[in-house]
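Asker: Structure in structure tokens, see below.
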Amino acid sequence: MSAEATNPATPGPITPGAQRRRGRPRIDLRRLGRAALLGPAGRDRLPDAIGHVAEAHRAHFADADLEPLRRAYVLAESSHRGQMRKSGEPYITHPLAVTLILAELGAETTTLTASLLHDTVEDTDVTLDQVRTEFGTEVAYLVDGVTKLEKVDYGAAAEPETFRKMLVATGNDVRVMSIKLADRLHNMRTLGVMRQEKQERIAKVTRDVLIPLAERLGVQALKTELEDLVFAILRPEEYGQTQTLIAADTARAENPLADIAGEVRGVLREAGLTAEVLIRPRHAVSVHRVLRKRGELRGADFGRLLVLVSEDADCYGVLGELHTCFTPVVSEFKDFIAVPKFNLYQSLHTAVARADGEVAEVLIRTHQMHKVAEAGVVALGNPYAPSAEEHLDTVGERSDPTRPGWLSRLLDWQQSAPDTDTFWSTLREDLAQDREITVFRPDGGTIGLPAGASCVDAAYAQYGEDAHAVIGARVNGRLATLSTVLKDGDTVQPLMDRMEGAAASEPSRDWLDHARTPAARIAIRRWLAAHPEGPSAPESAPRAPYSGPSARPSAANAVVDQPGATVRLAGCCTPVPPDEVTAFAVRGGAVTVHRVECPAVARMTGAGRPEVGVRWADAETAEYRVTLIAESFSRPHLLADLTEAIALEGVAIISATVEPPAQGRVRHTYTLQLPGSAHLQGLMRAMRNVPGVYDVGRAQHAAAGAL
């Protein structure tokens, strides 16, 4: 999509290290340029210039109708005629090369047709209506999706807003991004004549946006070559050193990986397993990563073994034979067949060691898995497309299809990022998170989140801006703080503040420390910007969900022998029925009720204070406030378990404090609102049943000062 590129044969700073994954040599664009200048062939004859495209396409689709490709080439060649790339080649060589990349990956005819035309609307007099009339709505949608926005209209925002437009289009048809990735790969291959600063700018956008998108769409063949091209531009010295190591390994007479491959073939042959065992050389970035991880490279580190079989069950058969006949490196085993990656990738990963200590990494997959691993969504056409009965509306947008979780989240949050700078910076942050987890709602529904996401992210993913009122969460049935990091497969239930007649809960600035998803971060920042006085207190114990009207300490259930006096329950001992109690008159005409064993009682009696008669009334139904102390051994999640036990008894937590652990023991103090006195003993039993808790008792505080 850029005319600012050059012929790869032209000397320049780039020497791509990625090996071609097929035997076909890279196409000579000069020869293609000459063929393109000769003009189209006869009406029924395929032009020579797209012969390589047709050959690659027929390798995947033997019965493909090539007529749309012929017509698309004729239109593209005639409309681009006279336009030249900076290398001096006819511009038509660029869409031809992009289309060849996609054809080799197994793209279907519609994608290839749109690829040939992908720059016509942007750079020529061809209109989108013309494309739609001649090639249909699908091709027009794909061409429109990859057409850049004009700098004249958008200025510096043109590039990020073009990406926004492409991503929205990709949400309806992932083939839009397939064309964009192939387009960027060809431009990166032919970047040599540009100024160094422009090469670096394009390489950084490729690194931050296009490579993560290629990974998420599973197009490993494009991703790995893009990584090497970016590596060569942004870190040329390290790239050169890595290429030197690769060249030295290639020149070695002995090849331990080839020896291990031969042994593996023999093992599988003896086991009666039909399999193809190949050596996959690592690309430059992969070699560099291994070097940084291990500090030095062994002979087998420059590649991996790839074992291809026909059936899923054979993958596990191969794994069993390898682990029986070689020493498995247990830490290297991963099963991406049973649990595929979020980008469709499936494979078994393992590593085995020979008796001499040489270790080889092994990938085991079926031929179909391998096709998807290399080409991802390109090979699958449009796996998220609507069903046949769904249709395109009048503006050419598809009705909402099923999308991968990361793409749905991206499309959701970009709507909340109207300004270009926020969108562009947040997009890069989002794409930097390269692993995804799935958590479950209590109703069985699922939420896709990036790895490292917290309960804050789950709340905003489920409730949008209503999550401002979240006060905690249950994770796998247990109360948890909002900062709790979720794991794949967790069940999470955000708890919302439903208190009526009181100020709603508000997001804290500290939530930004726990939020990983753009949707959560944008919503929190927007609220904080609108409420600069917003809270920022650090998170402590999880707040219990609201369970009823807020109640002040009340002693209406205690009757004293002093008519008209205000009755208070002492905070030092928090008496509740059926406690034996006594009372004392205090200043202001009030009477304070204490448990008889309260230290304050002995002190006031010794001071000559007269006691006031008191008895309990409505003991079974009145609400009471009580303070309990739990003594326990220190262990992870103890606070959450205790809080959960209290909540399950229907008791509201007024306050909670936890003293620092001492000698492996910890002391928790809770002030609680009981719905009735009958709940106290059951509550204390439930708290004692929490693992690690060895005692629960009533608080006995010494009262300070006069009462």
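We label chains A, B, ... in the order they appear in the structure tokens, count residues from 1 in each chain, and number ligands from 1 in the order shown.
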Report as an mmCIF file with all heavy atoms, in the first residue's frame all protein, DNA and RNA residues lying within 8 Å of Asp119 of chain A, evaluated on only C-alpha atoms, omitting residues in the same chain fewer than 5 positions from it.
Answerer:
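Contents of the output file selection.cif:
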```cif
data_model
loop_
_atom_site.group_PDB
_atom_site.id
_atom_site.type_symbol
_atom_site.label_atom_id
_atom_site.label_comp_id
_atom_site.auth_asym_id
_atom_site.auth_seq_id
_atom_site.Cartn_x
_atom_site.Cartn_y
_atom_site.Cartn_z
ATOM 1 N N MET A 1 0.810 -1.198 0.000
ATOM 2 C CA MET A 1 0.000 0.000 0.000
ATOM 3 C C MET A 1 0.845 1.250 0.000
ATOM 4 O O MET A 1 0.359 2.342 0.182
ATOM 5 C CB MET A 1 -0.936 0.005 1.206
ATOM 6 C CG MET A 1 -1.982 -1.095 1.114
ATOM 7 S SD MET A 1 -3.075 -1.156 2.517
ATOM 8 C CE MET A 1 -3.824 0.471 2.426
ATOM 9 N N PRO A 95 0.929 -5.021 -5.640
ATOM 10 C CA PRO A 95 -0.232 -5.884 -5.401
ATOM 11 C C PRO A 95 -0.015 -7.312 -5.885
ATOM 12 O O PRO A 95 -0.572 -8.258 -5.300
ATOM 13 C CB PRO A 95 -1.366 -5.185 -6.162
ATOM 14 C CG PRO A 95 -0.725 -4.194 -7.052
ATOM 15 C CD PRO A 95 0.564 -3.820 -6.430
ATOM 16 N N THR A 124 -5.781 5.253 -7.375
ATOM 17 C CA THR A 124 -6.146 5.441 -8.784
ATOM 18 C C THR A 124 -7.550 6.024 -8.870
ATOM 19 O O THR A 124 -8.174 6.343 -7.859
ATOM 20 C CB THR A 124 -6.094 4.105 -9.554
ATOM 21 O OG1 THR A 124 -7.242 3.320 -9.230
ATOM 22 C CG2 THR A 124 -4.834 3.314 -9.240
ATOM 23 N N VAL A 143 -11.599 -4.395 0.075
ATOM 24 C CA VAL A 143 -10.810 -3.285 -0.485
ATOM 25 C C VAL A 143 -11.017 -2.024 0.335
ATOM 26 O O VAL A 143 -10.064 -1.310 0.668
ATOM 27 C CB VAL A 143 -11.179 -3.051 -1.966
ATOM 28 C CG1 VAL A 143 -10.521 -1.783 -2.484
ATOM 29 C CG2 VAL A 143 -10.759 -4.254 -2.815
ATOM 30 N N THR A 147 -8.230 0.400 2.677
ATOM 31 C CA THR A 147 -7.944 1.683 2.031
ATOM 32 C C THR A 147 -7.626 2.739 3.080
ATOM 33 O O THR A 147 -8.385 2.935 4.028
ATOM 34 C CB THR A 147 -9.141 2.137 1.176
ATOM 35 O OG1 THR A 147 -9.366 1.166 0.144
ATOM 36 C CG2 THR A 147 -8.884 3.500 0.549
#
```
Asker: For Val307 of chain A, which of A:Met166, A:Leu363, A:Leu217, A:Leu348 is the closest residue, counting only C-alpha atoms?
Answerer: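 Using only C-alpha atoms, Val307 of chain A sits closest to A:Leu363.
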Asker: Quick one: residues within 7 Å of segment 104-106 of chain A, only C-alpha atoms, excluding same-chain residues fewer than 4 positions away - as a ChimeraX atom specification?
Answerer: /A:56-57,60,100,375,378-379
Asker: Identify, with DSSP run on backbone atoms, the residues in segment 413-659 of chain A assigned to helix (DSSP H, G or I), and express the list as a ChimeraX atom specification.
Answerer: /A:413-415,420-431,455-469,509-513,518-530,587-589,599-606,638-648
Asker: Can you pull out every residue from segment 332-457 of chain A that DSSP, working from the backbone, puts in strand (DSSP E or B), and format the result as a PyMOL selection string?
Answerer: chain A and resi 334-335+348-353+359-366+392+398+436-440+446-450+454
Asker: Near Phe342 of chain A, within 12 Å and counting only C-alpha atoms, which residues show up once chain neighbours fewer than 4 positions away are dropped, as a PyMOL selection string?
Answerer: chain A and resi 215-218+336-337+346+373+376+403-407+434-438+448-451+488
Asker: Pull N, CA, C and O atoms from the residues just selected and write them as an mmCIF file, in the first residue's frame.
Answerer:
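Output file result_20.cif follows:
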```cif
data_model
loop_
_atom_site.group_PDB
_atom_site.id
_atom_site.type_symbol
_atom_site.label_atom_id
_atom_site.label_comp_id
_atom_site.auth_asym_id
_atom_site.auth_seq_id
_atom_site.Cartn_x
_atom_site.Cartn_y
_atom_site.Cartn_z
ATOM 1 N N GLU A 215 0.241 -12.403 15.326
ATOM 2 C CA GLU A 215 0.244 -13.446 16.355
ATOM 3 C C GLU A 215 -1.168 -13.795 16.774
ATOM 4 O O GLU A 215 -1.529 -14.975 16.894
ATOM 5 N N ARG A 216 -2.007 -12.798 16.985
ATOM 6 C CA ARG A 216 -3.371 -13.049 17.455
ATOM 7 C C ARG A 216 -4.227 -13.716 16.387
ATOM 8 O O ARG A 216 -5.174 -14.430 16.706
ATOM 9 N N LEU A 217 -3.906 -13.476 15.139
ATOM 10 C CA LEU A 217 -4.637 -14.120 14.053
ATOM 11 C C LEU A 217 -3.988 -15.433 13.628
ATOM 12 O O LEU A 217 -4.451 -16.090 12.702
ATOM 13 N N GLY A 218 -2.912 -15.804 14.303
ATOM 14 C CA GLY A 218 -2.298 -17.106 14.084
ATOM 15 C C GLY A 218 -1.459 -17.226 12.834
ATOM 16 O O GLY A 218 -1.099 -18.339 12.439
ATOM 17 N N PHE A 336 -1.153 -27.970 23.594
ATOM 18 C CA PHE A 336 -2.005 -26.974 22.950
ATOM 19 C C PHE A 336 -3.028 -27.626 22.012
ATOM 20 O O PHE A 336 -3.696 -26.921 21.265
ATOM 21 N N ILE A 337 -3.123 -28.965 22.062
ATOM 22 C CA ILE A 337 -4.193 -29.647 21.329
ATOM 23 C C ILE A 337 -5.437 -29.710 22.206
ATOM 24 O O ILE A 337 -6.530 -29.319 21.796
ATOM 25 N N GLN A 346 -2.724 -25.146 17.521
ATOM 26 C CA GLN A 346 -2.763 -26.438 18.192
ATOM 27 C C GLN A 346 -1.477 -27.203 17.906
ATOM 28 O O GLN A 346 -1.018 -27.259 16.759
ATOM 29 N N ALA A 373 -1.325 -23.500 11.908
ATOM 30 C CA ALA A 373 -0.238 -22.887 12.669
ATOM 31 C C ALA A 373 0.572 -21.914 11.821
ATOM 32 O O ALA A 373 1.024 -20.879 12.298
ATOM 33 N N GLY A 376 -2.805 -19.513 9.937
ATOM 34 C CA GLY A 376 -3.868 -18.986 10.773
ATOM 35 C C GLY A 376 -5.146 -18.725 10.006
ATOM 36 O O GLY A 376 -5.616 -19.550 9.228
ATOM 37 N N ARG A 403 -16.829 -13.378 17.144
ATOM 38 C CA ARG A 403 -15.453 -12.913 17.009
ATOM 39 C C ARG A 403 -14.586 -13.536 18.097
ATOM 40 O O ARG A 403 -15.081 -13.916 19.149
ATOM 41 N N PRO A 404 -13.278 -13.603 17.870
ATOM 42 C CA PRO A 404 -12.405 -14.003 18.981
ATOM 43 C C PRO A 404 -12.516 -12.962 20.085
ATOM 44 O O PRO A 404 -12.762 -11.783 19.833
ATOM 45 N N GLY A 405 -12.330 -13.413 21.346
ATOM 46 C CA GLY A 405 -12.562 -12.526 22.477
ATOM 47 C C GLY A 405 -11.741 -11.250 22.437
ATOM 48 O O GLY A 405 -12.238 -10.159 22.729
ATOM 49 N N TRP A 406 -10.454 -11.358 22.083
ATOM 50 C CA TRP A 406 -9.599 -10.173 22.098
ATOM 51 C C TRP A 406 -10.093 -9.135 21.109
ATOM 52 O O TRP A 406 -10.005 -7.929 21.367
ATOM 53 N N LEU A 407 -10.627 -9.586 19.962
ATOM 54 C CA LEU A 407 -11.089 -8.639 18.951
ATOM 55 C C LEU A 407 -12.381 -7.951 19.402
ATOM 56 O O LEU A 407 -12.551 -6.741 19.206
ATOM 57 N N ASP A 434 0.073 -10.553 25.213
ATOM 58 C CA ASP A 434 0.022 -11.568 24.166
ATOM 59 C C ASP A 434 -0.520 -12.915 24.621
ATOM 60 O O ASP A 434 -0.368 -13.910 23.935
ATOM 61 N N ARG A 435 -1.173 -12.970 25.792
ATOM 62 C CA ARG A 435 -1.766 -14.236 26.225
ATOM 63 C C ARG A 435 -3.153 -13.957 26.778
ATOM 64 O O ARG A 435 -3.386 -12.903 27.375
ATOM 65 N N GLU A 436 -4.064 -14.874 26.598
ATOM 66 C CA GLU A 436 -5.450 -14.659 26.989
ATOM 67 C C GLU A 436 -5.914 -15.772 27.919
ATOM 68 O O GLU A 436 -5.477 -16.909 27.809
ATOM 69 N N ILE A 437 -6.791 -15.405 28.858
ATOM 70 C CA ILE A 437 -7.407 -16.387 29.735
ATOM 71 C C ILE A 437 -8.922 -16.301 29.568
ATOM 72 O O ILE A 437 -9.448 -15.306 29.074
ATOM 73 N N THR A 438 -9.609 -17.348 29.980
ATOM 74 C CA THR A 438 -11.073 -17.363 29.977
ATOM 75 C C THR A 438 -11.542 -17.591 31.399
ATOM 76 O O THR A 438 -11.118 -18.543 32.058
ATOM 77 N N GLY A 448 -13.560 -13.344 28.165
ATOM 78 C CA GLY A 448 -12.173 -13.427 27.732
ATOM 79 C C GLY A 448 -11.412 -12.224 28.239
ATOM 80 O O GLY A 448 -11.844 -11.078 28.088
ATOM 81 N N LEU A 449 -10.263 -12.464 28.870
ATOM 82 C CA LEU A 449 -9.450 -11.394 29.442
ATOM 83 C C LEU A 449 -7.980 -11.666 29.147
ATOM 84 O O LEU A 449 -7.571 -12.816 28.961
ATOM 85 N N PRO A 450 -7.149 -10.624 29.116
ATOM 86 C CA PRO A 450 -5.718 -10.861 28.956
ATOM 87 C C PRO A 450 -5.137 -11.478 30.217
ATOM 88 O O PRO A 450 -5.661 -11.277 31.323
ATOM 89 N N ALA A 451 -4.069 -12.239 30.063
ATOM 90 C CA ALA A 451 -3.400 -12.816 31.226
ATOM 91 C C ALA A 451 -2.972 -11.692 32.161
ATOM 92 O O ALA A 451 -2.511 -10.641 31.726
ATOM 93 N N ASP A 488 -6.785 -18.671 34.488
ATOM 94 C CA ASP A 488 -7.598 -19.314 33.467
ATOM 95 C C ASP A 488 -8.523 -20.335 34.114
ATOM 96 O O ASP A 488 -8.079 -21.191 34.884
#
```
Asker: For a test of reading the model, state the distance in Å between atom CA of Arg201 of chain A and atom CA of Pro281 of chain A, rounded to one decimal.
Answerer: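 Taking atom CA of Arg201 of chain A as the start and atom CA of Pro281 of chain A as the end point, the length is 29.2 Å.
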Asker: Skip Thr242 of chain A itself and residues of its chain fewer than 3 positions away, then list as a VMD selection string all residues within 10 Å of it, counting only C-alpha atoms.
Answerer: chain A and resid 17 236 to 239 245 to 248 283 to 288 291
Asker: Would you mind telling me which residue in A:Ile101, A:Val168, A:Ala583, A:Val614 lies nearest to Ala602 of chain A when using only C-alpha atoms?
Answerer: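 Once distances to Ala602 of chain A are computed over only C-alpha atoms, the minimum belongs to A:Ala583.
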